[in-house]
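Q: Here you go, my_file_9.cif (mmCIF, C-alpha atoms):
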```
data_data
#
loop_
_atom_site.label_atom_id
_atom_site.label_comp_id
_atom_site.auth_asym_id
_atom_site.auth_seq_id
_atom_site.Cartn_x
_atom_site.Cartn_y
_atom_site.Cartn_z
CA MET A 1 161.35 -35.38 37.89
CA SER A 2 164.55 -37.42 37.56
CA SER A 3 166.22 -37.90 34.21
CA ASP A 4 166.20 -41.67 34.85
CA LYS A 5 162.38 -41.72 34.90
CA ILE A 6 162.15 -39.70 31.71
CA ASN A 7 164.76 -41.86 30.00
CA HIS A 8 162.84 -44.98 31.06
CA ALA A 9 159.68 -43.51 29.54
CA ALA A 10 161.55 -42.80 26.29
CA ASP A 11 162.78 -46.42 26.27
CA CYS A 12 159.19 -47.55 26.73
CA LEU A 13 158.03 -45.47 23.76
CA ALA A 14 160.92 -46.64 21.58
CA ALA A 15 159.97 -50.24 22.41
CA GLY A 16 156.36 -49.70 21.31
CA GLY A 17 154.79 -48.82 24.65
CA VAL A 18 152.08 -46.31 25.60
CA VAL A 19 153.11 -43.53 27.99
CA VAL A 20 151.11 -40.77 29.70
CA PHE A 21 153.01 -37.49 30.02
CA PRO A 22 152.22 -33.95 31.21
CA THR A 23 152.04 -30.91 28.98
CA GLU A 24 151.22 -27.30 29.79
CA THR A 25 147.66 -27.87 28.52
CA VAL A 26 146.46 -31.32 29.66
CA TYR A 27 148.02 -34.75 30.12
CA GLY A 28 148.61 -36.68 26.90
CA MET A 29 148.58 -40.43 26.25
CA GLY A 30 151.04 -41.22 23.51
CA ALA A 31 152.97 -43.68 21.41
CA SER A 32 155.93 -43.25 19.10
CA VAL A 33 154.86 -42.35 15.59
CA ARG A 34 157.31 -45.01 14.41
CA HIS A 35 155.17 -47.75 16.03
CA PRO A 36 151.77 -47.84 14.25
CA GLY A 37 150.66 -50.78 16.38
CA ALA A 38 151.24 -48.78 19.55
CA VAL A 39 149.38 -45.82 18.04
CA ALA A 40 146.44 -48.12 17.33
CA ARG A 41 146.55 -49.18 20.97
CA VAL A 42 146.21 -45.51 22.03
CA PHE A 43 142.99 -45.31 20.00
CA ALA A 44 141.72 -48.50 21.64
CA ILE A 45 142.52 -47.41 25.22
CA LYS A 46 140.84 -44.07 24.71
CA GLY A 47 137.88 -45.49 22.79
CA ARG A 48 138.52 -42.87 20.12
CA PRO A 49 137.05 -43.29 16.62
CA PRO A 50 139.90 -44.31 14.28
CA THR A 51 139.04 -41.53 11.84
CA ARG A 52 139.88 -38.80 14.39
CA ALA A 53 143.53 -37.91 13.85
CA LEU A 54 146.01 -37.56 16.71
CA ILE A 55 148.39 -34.67 17.36
CA VAL A 56 152.06 -35.48 16.77
CA HIS A 57 154.14 -33.91 19.55
CA VAL A 58 157.65 -32.91 18.50
CA ALA A 59 160.70 -31.34 20.10
CA SER A 60 161.37 -28.67 17.49
CA ALA A 61 160.38 -27.01 14.23
CA GLU A 62 163.02 -29.13 12.49
CA ALA A 63 161.29 -32.30 13.65
CA ALA A 64 157.93 -30.90 12.54
CA ARG A 65 159.33 -30.29 9.04
CA ALA A 66 160.32 -33.97 8.85
CA TRP A 67 156.68 -34.99 9.25
CA ALA A 68 155.26 -32.13 7.18
CA PRO A 69 157.93 -30.93 4.70
CA ASN A 70 155.52 -28.88 2.58
CA MET A 71 154.36 -26.33 5.12
CA PRO A 72 154.26 -22.75 3.78
CA ALA A 73 157.13 -20.48 4.76
CA TRP A 74 154.93 -18.38 7.05
CA ALA A 75 154.45 -21.42 9.30
CA ASP A 76 158.08 -20.90 10.36
CA VAL A 77 157.04 -17.58 11.93
CA LEU A 78 154.45 -19.32 14.10
CA MET A 79 156.85 -22.04 15.14
CA ALA A 80 159.61 -19.52 15.92
CA GLU A 81 157.39 -17.20 17.95
CA LEU A 82 154.76 -19.47 19.54
CA TRP A 83 156.60 -22.79 19.98
CA PRO A 84 157.05 -24.40 22.34
CA GLY A 85 153.51 -23.66 23.37
CA PRO A 86 149.82 -24.48 23.08
CA LEU A 87 149.53 -24.08 19.32
CA THR A 88 148.86 -27.01 16.97
CA LEU A 89 149.54 -26.66 13.24
CA VAL A 90 147.61 -28.79 10.75
CA ALA A 91 149.79 -29.20 7.68
CA PRO A 92 150.04 -31.38 4.56
CA ARG A 93 151.06 -34.87 5.64
CA GLY A 94 154.53 -36.04 4.64
CA PRO A 95 155.35 -39.56 3.41
CA LEU A 96 156.81 -40.64 6.77
CA VAL A 97 153.51 -40.25 8.67
CA PRO A 98 151.70 -43.59 9.17
CA SER A 99 148.07 -43.59 8.09
CA VAL A 100 146.84 -44.69 11.53
CA VAL A 101 148.13 -41.46 13.10
CA VAL A 102 146.05 -39.21 10.85
CA GLY A 103 142.94 -41.35 10.55
CA GLY A 104 143.70 -41.96 6.88
CA GLY A 105 143.62 -38.24 6.10
CA GLN A 106 146.04 -36.12 4.10
CA THR A 107 147.04 -33.70 6.86
CA VAL A 108 149.00 -34.07 10.08
CA ALA A 109 148.63 -32.06 13.31
CA LEU A 110 151.90 -30.97 14.96
CA ARG A 111 152.76 -29.34 18.30
CA ALA A 112 155.83 -28.67 20.43
CA PRO A 113 154.64 -28.74 24.07
CA ASP A 114 155.93 -26.21 26.59
CA HIS A 115 156.49 -28.46 29.60
CA PRO A 116 159.91 -29.52 30.93
CA VAL A 117 158.93 -33.18 31.25
CA ALA A 118 157.35 -33.39 27.79
CA SER A 119 160.30 -31.55 26.22
CA ALA A 120 162.84 -33.80 27.92
CA LEU A 121 160.87 -36.90 26.91
CA LEU A 122 160.85 -35.83 23.26
CA ARG A 123 164.57 -35.04 23.31
CA ASN A 124 165.32 -38.45 24.82
CA LEU A 125 163.16 -40.17 22.23
CA ALA A 126 164.96 -38.28 19.46
CA ARG A 127 168.29 -39.64 20.69
CA LYS A 128 166.88 -43.15 20.35
CA GLU A 129 164.86 -42.83 17.15
CA GLY A 130 166.51 -39.95 15.33
CA ALA A 131 165.82 -36.23 15.08
CA ALA A 132 162.40 -36.78 13.50
CA ALA A 133 160.99 -38.49 16.58
CA GLY A 134 157.38 -37.77 17.44
CA ILE A 135 154.75 -38.85 19.96
CA ALA A 136 151.21 -39.28 18.65
CA ALA A 137 148.95 -38.38 21.53
CA PRO A 138 145.40 -37.32 22.38
CA SER A 139 144.43 -36.26 25.89
CA ALA A 140 144.85 -39.07 28.41
CA ASN A 141 141.20 -39.83 29.11
CA ARG A 142 138.50 -42.10 27.82
CA PHE A 143 136.62 -40.65 24.87
CA GLY A 144 133.87 -38.34 26.11
CA MET A 145 135.35 -37.77 29.57
CA PRO A 146 136.87 -34.46 30.75
CA PRO A 147 140.60 -34.25 29.92
CA PRO A 148 142.99 -34.76 32.85
CA THR A 149 145.09 -31.97 34.33
CA THR A 150 146.75 -34.14 37.01
CA ALA A 151 148.22 -37.63 37.03
CA GLY A 152 145.55 -38.55 39.59
CA HIS A 153 142.82 -37.82 37.04
CA VAL A 154 144.58 -40.20 34.63
CA ARG A 155 144.85 -43.00 37.17
CA ALA A 156 141.19 -42.67 38.14
CA ASP A 157 140.05 -42.82 34.52
CA LEU A 158 142.51 -45.20 32.81
CA GLY A 159 143.85 -47.28 35.69
CA ASP A 160 146.58 -49.65 34.54
CA LYS A 161 145.66 -49.64 30.84
CA VAL A 162 148.82 -47.70 29.94
CA ASP A 163 152.41 -48.83 30.44
CA LEU A 164 153.71 -45.78 32.31
CA ILE A 165 152.47 -42.48 33.77
CA LEU A 166 154.86 -39.56 34.23
CA ASP A 167 153.58 -37.33 37.02
CA GLY A 168 154.49 -33.73 36.28
CA GLY A 169 152.08 -32.07 38.67
CA THR A 170 149.11 -29.91 37.71
CA CYS A 171 149.02 -28.60 34.15
CA ALA A 172 149.73 -24.86 34.03
CA LEU A 173 147.08 -23.91 31.47
CA GLY A 174 144.44 -26.61 31.90
CA ILE A 175 142.84 -26.21 28.49
CA GLU A 176 143.79 -27.63 25.11
CA SER A 177 145.92 -26.06 22.39
CA THR A 178 144.60 -23.81 19.67
CA VAL A 179 144.52 -25.62 16.32
CA ILE A 180 145.08 -23.78 13.05
CA THR A 181 145.59 -24.89 9.46
CA VAL A 182 148.80 -24.06 7.59
CA LEU A 183 147.71 -25.36 4.22
CA GLY A 184 148.02 -22.37 1.91
CA HIS A 185 148.30 -18.60 1.88
CA ALA A 186 146.22 -17.85 5.00
CA PRO A 187 145.77 -19.55 8.39
CA ALA A 188 142.40 -20.63 9.74
CA ILE A 189 141.49 -21.55 13.31
CA ILE A 190 139.69 -24.88 13.50
CA ARG A 191 139.73 -25.22 17.31
CA HIS A 192 139.85 -22.44 19.87
CA GLY A 193 142.34 -23.06 22.64
CA ALA A 194 144.89 -21.59 25.01
CA ILE A 195 146.39 -19.14 22.48
CA PRO A 196 143.77 -16.55 21.49
CA ARG A 197 143.17 -15.63 17.86
CA GLU A 198 144.42 -12.10 18.57
CA THR A 199 147.88 -13.43 19.51
CA ILE A 200 148.16 -15.36 16.26
CA GLU A 201 147.07 -12.35 14.24
CA THR A 202 149.63 -10.14 15.97
CA THR A 203 152.36 -12.71 15.36
CA LEU A 204 151.60 -13.03 11.65
CA GLY A 205 150.52 -9.44 11.04
CA CYS A 206 147.35 -10.55 9.27
CA SER A 207 143.80 -11.60 10.03
CA VAL A 208 142.97 -15.23 10.79
CA VAL A 209 139.83 -16.92 9.50
CA ASP A 210 137.70 -18.52 12.22
CA LYS A 211 136.45 -21.91 11.01
CA ALA A 212 136.09 -23.48 14.44
CA ILE A 213 132.93 -25.55 14.70
CA GLU A 214 132.35 -27.17 18.06
CA THR A 215 129.85 -29.99 18.02
CA THR A 216 128.23 -31.79 20.93
CA HIS A 217 128.90 -35.47 21.33
CA ALA A 218 126.70 -38.13 22.88
CA ARG A 219 128.14 -39.30 26.19
CA PRO A 220 129.53 -42.85 26.33
CA PRO A 221 127.29 -45.31 28.22
CA ALA A 222 129.56 -45.30 31.30
CA THR A 223 129.22 -41.53 31.67
CA GLN A 224 126.03 -40.55 33.46
CA GLU A 225 126.58 -36.88 34.23
CA ARG A 226 125.38 -34.19 31.83
CA ILE A 227 127.02 -30.80 31.39
CA PHE A 228 125.12 -27.59 30.69
CA PRO A 229 126.80 -24.27 29.82
CA VAL A 230 124.77 -21.43 31.36
CA ASP A 231 124.91 -17.68 31.90
CA VAL A 232 125.26 -16.64 35.52
CA GLN A 233 122.00 -14.67 35.36
CA HIS A 234 120.21 -17.87 34.33
CA LEU A 235 121.93 -19.84 37.05
CA THR A 236 120.72 -17.64 39.89
CA HIS A 237 117.09 -18.28 38.93
CA MET A 238 117.33 -22.08 38.84
CA LYS A 239 116.24 -24.60 41.45
CA LEU A 240 119.12 -26.96 42.10
CA GLY A 241 119.34 -30.03 44.30
CA PRO A 242 121.99 -32.28 45.90
CA HIS A 243 122.58 -34.23 42.67
CA ASP A 244 123.42 -31.04 40.78
CA GLY A 245 126.85 -29.47 40.47
CA VAL A 246 127.81 -25.90 39.65
CA ILE A 247 131.09 -24.47 38.37
CA ALA A 248 130.97 -20.69 38.59
CA ARG A 249 132.90 -17.52 39.30
CA VAL A 250 130.52 -16.41 42.03
CA SER A 251 130.31 -17.62 45.62
CA GLN A 252 127.73 -20.23 46.53
CA PRO A 253 124.51 -18.40 47.43
CA ILE A 254 122.10 -19.25 50.20
CA GLY A 255 118.53 -20.37 49.64
CA THR A 256 117.30 -22.50 46.75
CA LEU A 257 120.77 -22.94 45.20
CA SER A 258 122.61 -23.87 48.38
CA THR A 259 121.97 -27.61 48.24
CA ALA A 260 123.91 -28.08 44.99
CA ARG A 261 127.61 -29.01 44.96
CA TRP A 262 129.59 -25.89 44.07
CA GLN A 263 133.06 -25.38 42.64
CA VAL A 264 134.01 -21.71 42.65
CA LEU A 265 136.82 -20.84 40.24
CA SER A 266 138.74 -17.68 39.46
CA ALA A 267 136.91 -14.71 37.95
CA ASP A 268 139.89 -14.37 35.60
CA ASP A 269 139.46 -16.32 32.35
CA HIS A 270 142.93 -17.88 32.54
CA GLY A 271 142.36 -18.99 36.13
CA PHE A 272 138.91 -20.33 35.23
CA ALA A 273 140.35 -22.31 32.31
CA ARG A 274 143.11 -23.70 34.52
CA GLY A 275 140.63 -25.08 37.04
CA LEU A 276 137.76 -26.10 34.76
CA TYR A 277 138.60 -29.75 34.07
CA ALA A 278 139.73 -30.39 37.66
CA ALA A 279 136.38 -29.04 38.87
CA LEU A 280 134.53 -31.33 36.47
CA HIS A 281 136.50 -34.33 37.76
CA THR A 282 135.72 -33.34 41.38
CA LEU A 283 131.98 -33.02 40.75
CA LYS A 284 131.88 -36.28 38.79
CA ALA A 285 133.64 -38.10 41.65
CA ALA A 286 131.12 -36.57 44.08
CA GLY A 287 128.25 -38.08 42.10
CA ALA A 288 126.83 -34.95 40.46
CA LEU A 289 124.49 -36.00 37.65
CA GLN A 290 123.86 -32.56 36.16
CA ILE A 291 126.68 -30.01 36.06
CA TYR A 292 126.02 -26.37 35.22
CA VAL A 293 129.06 -24.36 34.11
CA GLN A 294 129.17 -20.60 33.81
CA ARG A 295 130.02 -19.37 30.33
CA ALA A 296 132.79 -16.86 29.70
CA ALA A 297 132.72 -13.70 27.64
CA ASP A 298 133.32 -14.72 24.02
CA THR A 299 136.70 -13.00 23.68
CA GLY A 300 140.32 -14.12 24.06
CA ILE A 301 140.68 -17.40 25.94
CA GLY A 302 136.99 -17.10 26.83
CA ARG A 303 136.25 -18.40 23.33
CA ALA A 304 138.19 -21.56 24.18
CA ILE A 305 136.32 -22.00 27.47
CA ASN A 306 132.96 -21.72 25.73
CA ALA A 307 134.06 -24.02 22.92
CA ARG A 308 135.18 -26.66 25.42
CA LEU A 309 131.85 -26.42 27.25
CA THR A 310 129.95 -26.88 24.01
CA ARG A 311 132.04 -29.93 23.22
CA LEU A 312 131.53 -31.45 26.65
CA ALA A 313 127.83 -30.70 26.82
CA ALA A 314 125.67 -33.79 26.82
CA ARG A 315 123.32 -34.33 23.91
CA PRO A 316 119.89 -35.73 24.80
CA THR A 317 119.56 -39.37 23.83
#
```
Could you express the structure from this file as structure tokens?
A:
Amino acid sequence: MSSDKINHAADCLAAGGVVVFPTETVYGMGASVRHPGAVARVFAIKGRPPTRALIVHVASAEAARAWAPNMPAWADVLMAELWPGPLTLVAPRGPLVPSVVVGGGQTVALRAPDHPVASALLRNLARKEGAAAGIAAPSANRFGMPPPTTAGHVRADLGDKVDLILDGGTCALGIESTVITVLGHAPAIIRHGAIPRETIETTLGCSVVDKAIETTHARPPATQERIFPVDVQHLTHMKLGPHDGVIARVSQPIGTLSTARWQVLSADDHGFARGLYAALHTLKAAGALQIYVQRAADTGIGRAINARLTRLAARPT
């Protein structure tokens, strides 16, 4: 992507605009932290409850310290070893963080994305707004919809509601960042994501408390499809029809399951995670009303896959 396009996007953010940009996880929809009105617009476009804080994307650990100056010293180890990357740190909020960004809470979530476009965008914004520049951004989709891993997903979901979309191709990881707290003497995972707990424990040389609680959310009225996490053994005994979709690691069988729409992904957990959201978008566009997704083993990144499925699963209304 040309530097002119990225610089134009940084100008848009500095002027109070809303920009969609790629990261290694999913596409984000963001506004400059220095423009609370633009941040409020991000909430409105997404349909996100105002009490659900946004992640502040930064270019460096130094920028993160500007927004959260009271992080414990061991947080520097995580930032030095795992940034840029899919790790979000929840730290005590500093005085510069507008209330709208954090949903009125006392903590702020920070991440340095590992994507050349996102990194260049943040560096450009820092030249315009100062070293402590930050982009407050959730995933670039309407609340309750699968996150986007291509610019095409964003356009299909949000249309022209944003000011600018930077197309950086398909996201390399395809699943959100791991979120941990850095509030005291010990870290705690509050969302499983692309960096497994084992990697964090190895980096810090200590155990990490698992406090991740994934809840199911009612689907917005415009979303008709329902998502069901299933074990593959369960799947092979079901009777599926043409309005059903399946995302699995096994080839489409013949017989009673053959009429369903199938998306076969990699047997490898990382490959499965990379293709999961794209497969959901494909089945939704094809009109699948019930989507059955094969669970992963509950280890490593498989925990993140299962957590995402739980979050996306439809709750009966």
Q: Just so the selection is clear, what residues does the PyMOL selection byres ((chain A and resi 178-193) around 8) cover here, as a list in words?
A: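 Output of the PyMOL selection byres ((chain A and resi 178-193) around 8): Met71, Pro72, Ala75, Pro86, Leu87, Thr88, Leu89, Val90, Ala91, Pro92, Ile175, Glu176, Ser177, Ala194, Ile195, Pro196, Arg197, Val208, Val209, Asp210, Lys211, Ala212, Ile213, Glu214, Ile301, Arg303, Ala304, Ile305 and Ala307 of chain A.
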Q: How would the residues just picked look written out with C-alpha atoms as a compact mmCIF listing (two decimals), in the frame of the given file?
A:
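In the end it all went to out_13.txt:
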```
# COMPACT_ATOMS: atom_id res chain seq x y z
CA MET A 71 154.36 -26.33 5.12
CA PRO A 72 154.26 -22.75 3.78
CA ALA A 75 154.45 -21.42 9.30
CA PRO A 86 149.82 -24.48 23.08
CA LEU A 87 149.53 -24.08 19.32
CA THR A 88 148.86 -27.01 16.97
CA LEU A 89 149.54 -26.66 13.24
CA VAL A 90 147.61 -28.79 10.75
CA ALA A 91 149.79 -29.20 7.68
CA PRO A 92 150.04 -31.38 4.56
CA ILE A 175 142.84 -26.21 28.49
CA GLU A 176 143.79 -27.63 25.11
CA SER A 177 145.92 -26.06 22.39
CA ALA A 194 144.89 -21.59 25.01
CA ILE A 195 146.39 -19.14 22.48
CA PRO A 196 143.77 -16.55 21.49
CA ARG A 197 143.17 -15.63 17.86
CA VAL A 208 142.97 -15.23 10.79
CA VAL A 209 139.83 -16.92 9.50
CA ASP A 210 137.70 -18.52 12.22
CA LYS A 211 136.45 -21.91 11.01
CA ALA A 212 136.09 -23.48 14.44
CA ILE A 213 132.93 -25.55 14.70
CA GLU A 214 132.35 -27.17 18.06
CA ILE A 301 140.68 -17.40 25.94
CA ARG A 303 136.25 -18.40 23.33
CA ALA A 304 138.19 -21.56 24.18
CA ILE A 305 136.32 -22.00 27.47
CA ALA A 307 134.06 -24.02 22.92
```
Q: So which residues touch A:Phe228 within 9 Å, counting only C-alpha atoms, skipping near sequence neighbours fewer than 2 positions away, as a list in words?
A: Arg226, Val230, Gln290, Ile291, Tyr292, Val293, Gln294, Leu309, Thr310, Leu312, Ala313 and Ala314 of chain A
Q: Grab the residues selected above and save them as a compact mmCIF listing (two decimals), in the frame of the given file with C-alpha atoms.
A:
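out.txt written:
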```
# COMPACT_ATOMS: atom_id res chain seq x y z
CA ARG A 226 125.38 -34.19 31.83
CA VAL A 230 124.77 -21.43 31.36
CA GLN A 290 123.86 -32.56 36.16
CA ILE A 291 126.68 -30.01 36.06
CA TYR A 292 126.02 -26.37 35.22
CA VAL A 293 129.06 -24.36 34.11
CA GLN A 294 129.17 -20.60 33.81
CA LEU A 309 131.85 -26.42 27.25
CA THR A 310 129.95 -26.88 24.01
CA LEU A 312 131.53 -31.45 26.65
CA ALA A 313 127.83 -30.70 26.82
CA ALA A 314 125.67 -33.79 26.82
```
Q: Measuring atom to atom with all atoms listed in the file, identify which of A:Met1, A:Ala15, A:Leu110, A:Val20 is nearest to A:Val154.
A: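 For A:Val154, the nearest of the given residues is A:Val20.
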Q: With distances taken over all atoms listed in the file, which of A:Ala278, A:Ala112, A:Ala267, A:Ala285 is nearest to A:Ala297?
A: A:Ala267
Q: Given all atoms listed in the file as the basis, pick out the residue of A:Phe272, A:Trp67, A:Phe21, A:Tyr277 nearest to A:Ala109.
A: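 Distance minimum relative to A:Ala109 lands on A:Trp67.
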